[in-house]
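Undergrad: One file: input.txt (compact mmCIF, C-alpha atoms and all ligand atoms).
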# COMPACT_ATOMS: atom_id res chain seq x y z
CA ALA S 895 -39.52 75.45 -6.76
CA LEU S 896 -38.15 77.57 -9.62
CA ILE S 897 -34.56 76.93 -10.73
CA THR S 898 -32.92 79.69 -12.81
CA ILE S 899 -30.43 78.34 -15.34
CA LEU S 900 -28.06 80.99 -16.72
CA ASN S 901 -25.71 80.71 -19.68
CA GLY S 902 -22.94 83.14 -20.59
CA PRO S 903 -21.33 84.26 -23.84
CA ASN S 904 -21.02 82.12 -26.96
CA LEU S 905 -23.15 79.30 -25.54
CA ASN S 906 -25.89 80.26 -28.02
CA LEU S 907 -23.55 78.72 -30.63
CA LEU S 908 -23.33 75.30 -28.95
CA GLY S 909 -23.46 72.58 -31.58
CA GLN S 910 -21.64 74.81 -34.09
CA ARG S 911 -18.93 76.17 -31.81
CA GLU S 912 -15.71 74.09 -31.60
CA PRO S 913 -17.70 70.82 -31.63
CA GLU S 914 -14.53 68.81 -30.89
CA LYS S 915 -14.53 70.47 -27.46
CA TYR S 916 -18.17 71.26 -26.78
CA GLY S 917 -19.96 68.50 -28.69
CA ALA S 918 -22.90 68.48 -31.10
CA THR S 919 -25.60 69.16 -28.52
CA THR S 920 -27.32 72.54 -28.94
CA LEU S 921 -28.41 74.86 -26.15
CA ALA S 922 -32.03 74.06 -27.08
CA ASP S 923 -31.27 70.34 -26.53
CA ILE S 924 -29.78 71.18 -23.12
CA GLU S 925 -32.82 73.28 -22.20
CA ALA S 926 -35.12 70.36 -23.10
CA ALA S 927 -33.05 67.96 -20.97
CA CYS S 928 -33.09 70.37 -18.00
CA PHE S 929 -36.84 70.90 -18.35
CA ALA S 930 -37.50 67.14 -18.39
CA GLN S 931 -35.19 66.53 -15.41
CA ALA S 932 -36.77 69.28 -13.30
CA GLN S 933 -40.29 68.23 -14.24
CA SER S 934 -39.60 64.60 -13.27
CA GLN S 935 -38.63 65.86 -9.77
CA GLY S 936 -41.58 68.25 -9.51
CA HIS S 937 -39.65 71.49 -10.08
CA GLN S 938 -39.75 74.31 -12.66
CA ILE S 939 -36.96 75.96 -14.63
CA GLU S 940 -36.30 79.15 -16.51
CA PHE S 941 -33.46 78.85 -19.02
CA LEU S 942 -31.62 81.98 -20.19
CA GLN S 943 -28.54 82.87 -22.26
CA SER S 944 -26.80 86.19 -22.87
CA ASN S 945 -23.58 87.40 -24.39
CA TYR S 946 -23.74 90.47 -22.10
CA GLU S 947 -22.35 90.50 -18.57
CA GLY S 948 -24.84 93.15 -17.36
CA GLN S 949 -27.79 91.10 -18.59
CA ILE S 950 -26.62 88.10 -16.57
CA ILE S 951 -26.25 90.33 -13.50
CA ASP S 952 -29.81 91.66 -14.01
CA TRP S 953 -31.11 88.08 -14.27
CA ILE S 954 -29.34 87.15 -11.00
CA HIS S 955 -31.03 90.15 -9.33
CA ALA S 956 -34.40 89.03 -10.72
CA ALA S 957 -33.76 85.50 -9.40
CA ARG S 958 -33.58 86.97 -5.86
CA GLU S 959 -37.32 87.63 -6.07
CA LYS S 960 -38.59 84.48 -7.75
CA SER S 961 -36.07 81.60 -7.77
CA GLN S 962 -34.86 79.21 -5.12
CA GLY S 963 -31.65 78.07 -6.87
CA ILE S 964 -29.28 79.08 -9.68
CA VAL S 965 -27.44 76.81 -12.10
CA ILE S 966 -24.90 78.87 -14.04
CA ASN S 967 -22.43 78.28 -16.83
CA PRO S 968 -20.81 81.72 -16.90
CA ALA S 969 -18.63 80.65 -19.87
CA ALA S 970 -15.71 83.07 -20.35
CA PHE S 971 -17.08 85.39 -17.62
CA THR S 972 -16.16 82.59 -15.15
CA HIS S 973 -12.55 83.68 -15.43
CA THR S 974 -13.03 87.46 -15.52
CA SER S 975 -16.15 88.62 -13.70
CA VAL S 976 -16.00 89.90 -10.14
CA ALA S 977 -19.34 91.57 -10.96
CA ILE S 978 -21.11 88.23 -11.54
CA LEU S 979 -19.51 86.88 -8.34
CA ASP S 980 -20.78 89.89 -6.40
CA ALA S 981 -24.28 89.49 -7.90
CA LEU S 982 -24.30 85.83 -6.81
CA TYR S 983 -23.39 86.92 -3.27
CA THR S 984 -26.72 88.83 -3.19
CA PHE S 985 -28.62 85.58 -3.88
CA ASP S 986 -29.55 83.45 -0.87
CA GLY S 987 -30.07 79.96 -2.33
CA PRO S 988 -27.74 77.30 -3.68
CA VAL S 989 -25.64 78.07 -6.76
CA LEU S 990 -24.27 75.27 -8.95
CA GLU S 991 -21.55 76.11 -11.48
CA VAL S 992 -21.41 74.04 -14.68
CA HIS S 993 -18.74 73.77 -17.36
CA ILE S 994 -19.18 71.48 -20.32
CA THR S 995 -15.43 70.93 -20.64
CA ASN S 996 -12.89 70.05 -17.96
CA VAL S 997 -11.54 73.57 -17.56
CA HIS S 998 -8.64 72.28 -15.41
CA GLN S 999 -7.29 70.34 -18.38
CA ARG S 1000 -7.32 73.42 -20.61
CA GLU S 1001 -5.34 76.68 -20.79
CA GLU S 1002 -4.00 78.14 -17.54
CA PHE S 1003 -6.38 81.13 -17.77
CA ARG S 1004 -9.37 78.76 -17.49
CA HIS S 1005 -8.15 77.21 -14.21
CA HIS S 1006 -9.34 80.08 -12.03
CA SER S 1007 -13.04 80.74 -11.47
CA PHE S 1008 -14.36 83.79 -9.62
CA VAL S 1009 -17.80 82.15 -9.51
CA SER S 1010 -16.46 79.09 -7.63
CA LYS S 1011 -15.94 81.33 -4.58
CA ARG S 1012 -19.73 81.43 -4.25
CA ALA S 1013 -20.72 78.10 -5.84
CA THR S 1014 -22.21 75.38 -3.66
CA GLY S 1015 -20.79 72.85 -6.13
CA VAL S 1016 -19.03 72.70 -9.48
CA ILE S 1017 -19.43 70.28 -12.38
CA ALA S 1018 -16.80 70.33 -15.14
CA GLY S 1019 -15.98 67.92 -17.94
CA PHE S 1020 -19.26 65.97 -17.98
CA GLY S 1021 -20.21 67.45 -21.36
CA ALA S 1022 -23.77 68.64 -21.86
CA SER S 1023 -24.93 66.07 -19.26
CA GLY S 1024 -23.44 68.31 -16.59
CA TYR S 1025 -26.49 70.56 -16.80
CA ARG S 1026 -28.94 67.71 -16.26
CA LEU S 1027 -26.86 66.42 -13.34
CA ALA S 1028 -26.77 69.91 -11.83
CA VAL S 1029 -30.55 70.26 -12.15
CA GLN S 1030 -31.03 66.83 -10.56
CA HIS S 1031 -28.85 67.81 -7.60
CA MET S 1032 -30.44 71.27 -7.32
CA ALA S 1033 -33.91 69.68 -7.22
CA GLU S 1034 -32.75 67.42 -4.38
CA LEU S 1035 -31.27 70.39 -2.49
CA LEU S 1036 -34.58 72.26 -2.83
CA ASP S 1037 -36.80 69.34 -1.73
C1 LIG S 1101 -17.00 76.81 -20.54
C2 LIG S 1101 -15.49 76.91 -20.29
C3 LIG S 1101 -15.01 78.36 -20.41
O1 LIG S 1101 -13.60 78.42 -20.16
C4 LIG S 1101 -15.26 78.88 -21.80
O2 LIG S 1101 -14.92 80.24 -21.88
C5 LIG S 1101 -16.68 78.67 -22.24
C6 LIG S 1101 -17.39 77.45 -21.86
C7 LIG S 1101 -17.50 75.36 -20.57
O3 LIG S 1101 -18.73 75.17 -20.49
O4 LIG S 1101 -16.71 74.42 -20.69
O5 LIG S 1101 -17.22 79.48 -22.99
O6 LIG S 1101 -17.67 77.48 -19.47
Render the structure in this file as structure tokens.
TA:
Amino acid sequence: ALITILNGPNLNLLGQREPEKYGATTLADIEAACFAQAQSQGHQIEFLQSNYEGQIIDWIHAAREKSQGIVINPAAFTHTSVAILDALYTFDGPVLEVHITNVHQREEFRHHSFVSKRATGVIAGFGASGYRLAVQHMAELLD
């Protein structure tokens, strides 16, 4: 099956961005790890990042036609976007929400997630490995 992996704003700067919080791993490293994990379980991925809310919404709509599951790190849109939540409600398959950091340990405004209302499961605080773990679980859900 095809798993769509979506990344929100500022995640293109992983590796350079606040490395004490987000680590040295780049988004390209994460994509490679997700690709290898999915391949080892006989699944495919597409891996996308945008700094624009509307682009992420368009990609969720596109996933309705071609993907069986969505793994999403909505980044700051997690805490603000009813529109991304509503787009995810139009998608039929499992949705796994990933955060590199433990958002519950951070500022109050990061404790609430709109996306969690729709998420099948949430991974937070596992660092970049959270993506690989989410892909592993998604692949099992889709088997
Ligand atoms: C994040 C946590 C968000 O609060 C933050 O805005 C991000 C990244 C994470 O992966 O830990 O950009 O989603």
Undergrad: Produce a table with one row for each residue of chain S that has an atom at most 8 Å from any atom of ligand LIG 1101 (chain S), each row naming the nearest atom pair and its distance in Å at one decimal; use only C-alpha atoms and all ligand atoms; arrange rows by chain and rising residue number; format as CSV.
TA:
residue,atom,partner,partner_atom,distance
S:Gly902,CA,S:LIG1101,O5,7.2
S:Pro903,CA,S:LIG1101,O5,6.4
S:Asn904,CA,S:LIG1101,O5,6.1
S:Leu905,CA,S:LIG1101,O5,6.5
S:Tyr916,CA,S:LIG1101,O4,7.0
S:Asn967,CA,S:LIG1101,O6,5.5
S:Pro968,CA,S:LIG1101,O6,5.9
S:Ala969,CA,S:LIG1101,O6,3.3
S:Ala970,CA,S:LIG1101,O2,3.3
S:Phe971,CA,S:LIG1101,O2,7.0
S:Thr972,CA,S:LIG1101,C3,6.8
S:His973,CA,S:LIG1101,O1,7.2
S:Val992,CA,S:LIG1101,O3,6.5
S:His993,CA,S:LIG1101,O3,3.4
S:Ile994,CA,S:LIG1101,O3,3.7
S:Thr995,CA,S:LIG1101,O4,3.7
S:Asn996,CA,S:LIG1101,O4,6.4
S:Val997,CA,S:LIG1101,C2,5.8
S:Arg1004,CA,S:LIG1101,O1,5.0
S:Ala1018,CA,S:LIG1101,O4,6.9
S:Gly1019,CA,S:LIG1101,O4,7.1
S:Gly1021,CA,S:LIG1101,O4,7.8
Undergrad: Tell me, as a list in words, which residues lie within 9 Å of region 1027-1029 of chain S, counting only C-alpha atoms; anything in the same chain fewer than 5 positions away does not count.
TA: Ile897, Ile899, Cys928, Phe929, Gln931, Ala932, Ile939, Val965, Leu990, Glu991, Val992, Gly1015, Val1016, Ile1017, Phe1020 and Glu1034 of chain S
Undergrad: Choose the residue, out of S:Asn945, S:Ser1010, S:Gln962, S:Asn901, that has the smallest atom-to-atom separation from Glu925 (chain S); count all atoms listed in the file.
TA: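 Going through S:Asn945, S:Ser1010, S:Gln962, S:Asn901 one by one, the smallest distance to Glu925 (chain S) is for S:Asn901.
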Undergrad: Between CA of Gly963 (chain S) and CA of Val989 (chain S), what is the spacing in Å?
TA: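 So the answer is 6.0 Å.
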Undergrad: One decimal, in Å: what's the spacing between CA of Arg1012 (chain S) and CA of Ile951 (chain S)?
TA: 14.4 Å
Undergrad: Pick the closest to Leu1035 (chain S) from S:His1005, S:Ala895, S:Arg958, S:His998: which is it, counting all atoms listed in the file?
TA: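 Once distances to Leu1035 (chain S) are computed over all atoms listed in the file, the minimum belongs to S:Ala895.
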Undergrad: Between S:Leu921, S:Ile978, S:Leu896, S:Ile964, which is the closest to Leu908 (chain S) once you count only C-alpha atoms?
TA: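 Between S:Leu921, S:Ile978, S:Leu896, S:Ile964, the residue approaching Leu908 (chain S) most closely is S:Leu921.
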Undergrad: Using all atoms listed in the file, find the one residue out of S:His1031, S:Asp980, S:Glu947, S:Ser1023 that sits nearest to Thr920 (chain S).
TA: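 Residue with the minimum atom-to-atom distance to Thr920 (chain S): S:Ser1023.
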Undergrad: Find the residue from S:Tyr983, S:Thr974, S:Asp1037, S:Gly1024 that sits nearest to Phe1008 (chain S); use all atoms listed in the file when measuring.
TA: S:Thr974
Undergrad: Interatomic distance between CA of Asn906 (chain S) and CA of Trp953 (chain S)?
TA: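 Between these atoms lies a distance of 16.7 Å.
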Undergrad: From the list S:Gly987, S:Tyr946, S:His955, S:Ala1022, which residue is nearest Pro913 (chain S) when using only C-alpha atoms?
TA: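 Smallest distance to Pro913 (chain S) is found for S:Ala1022.
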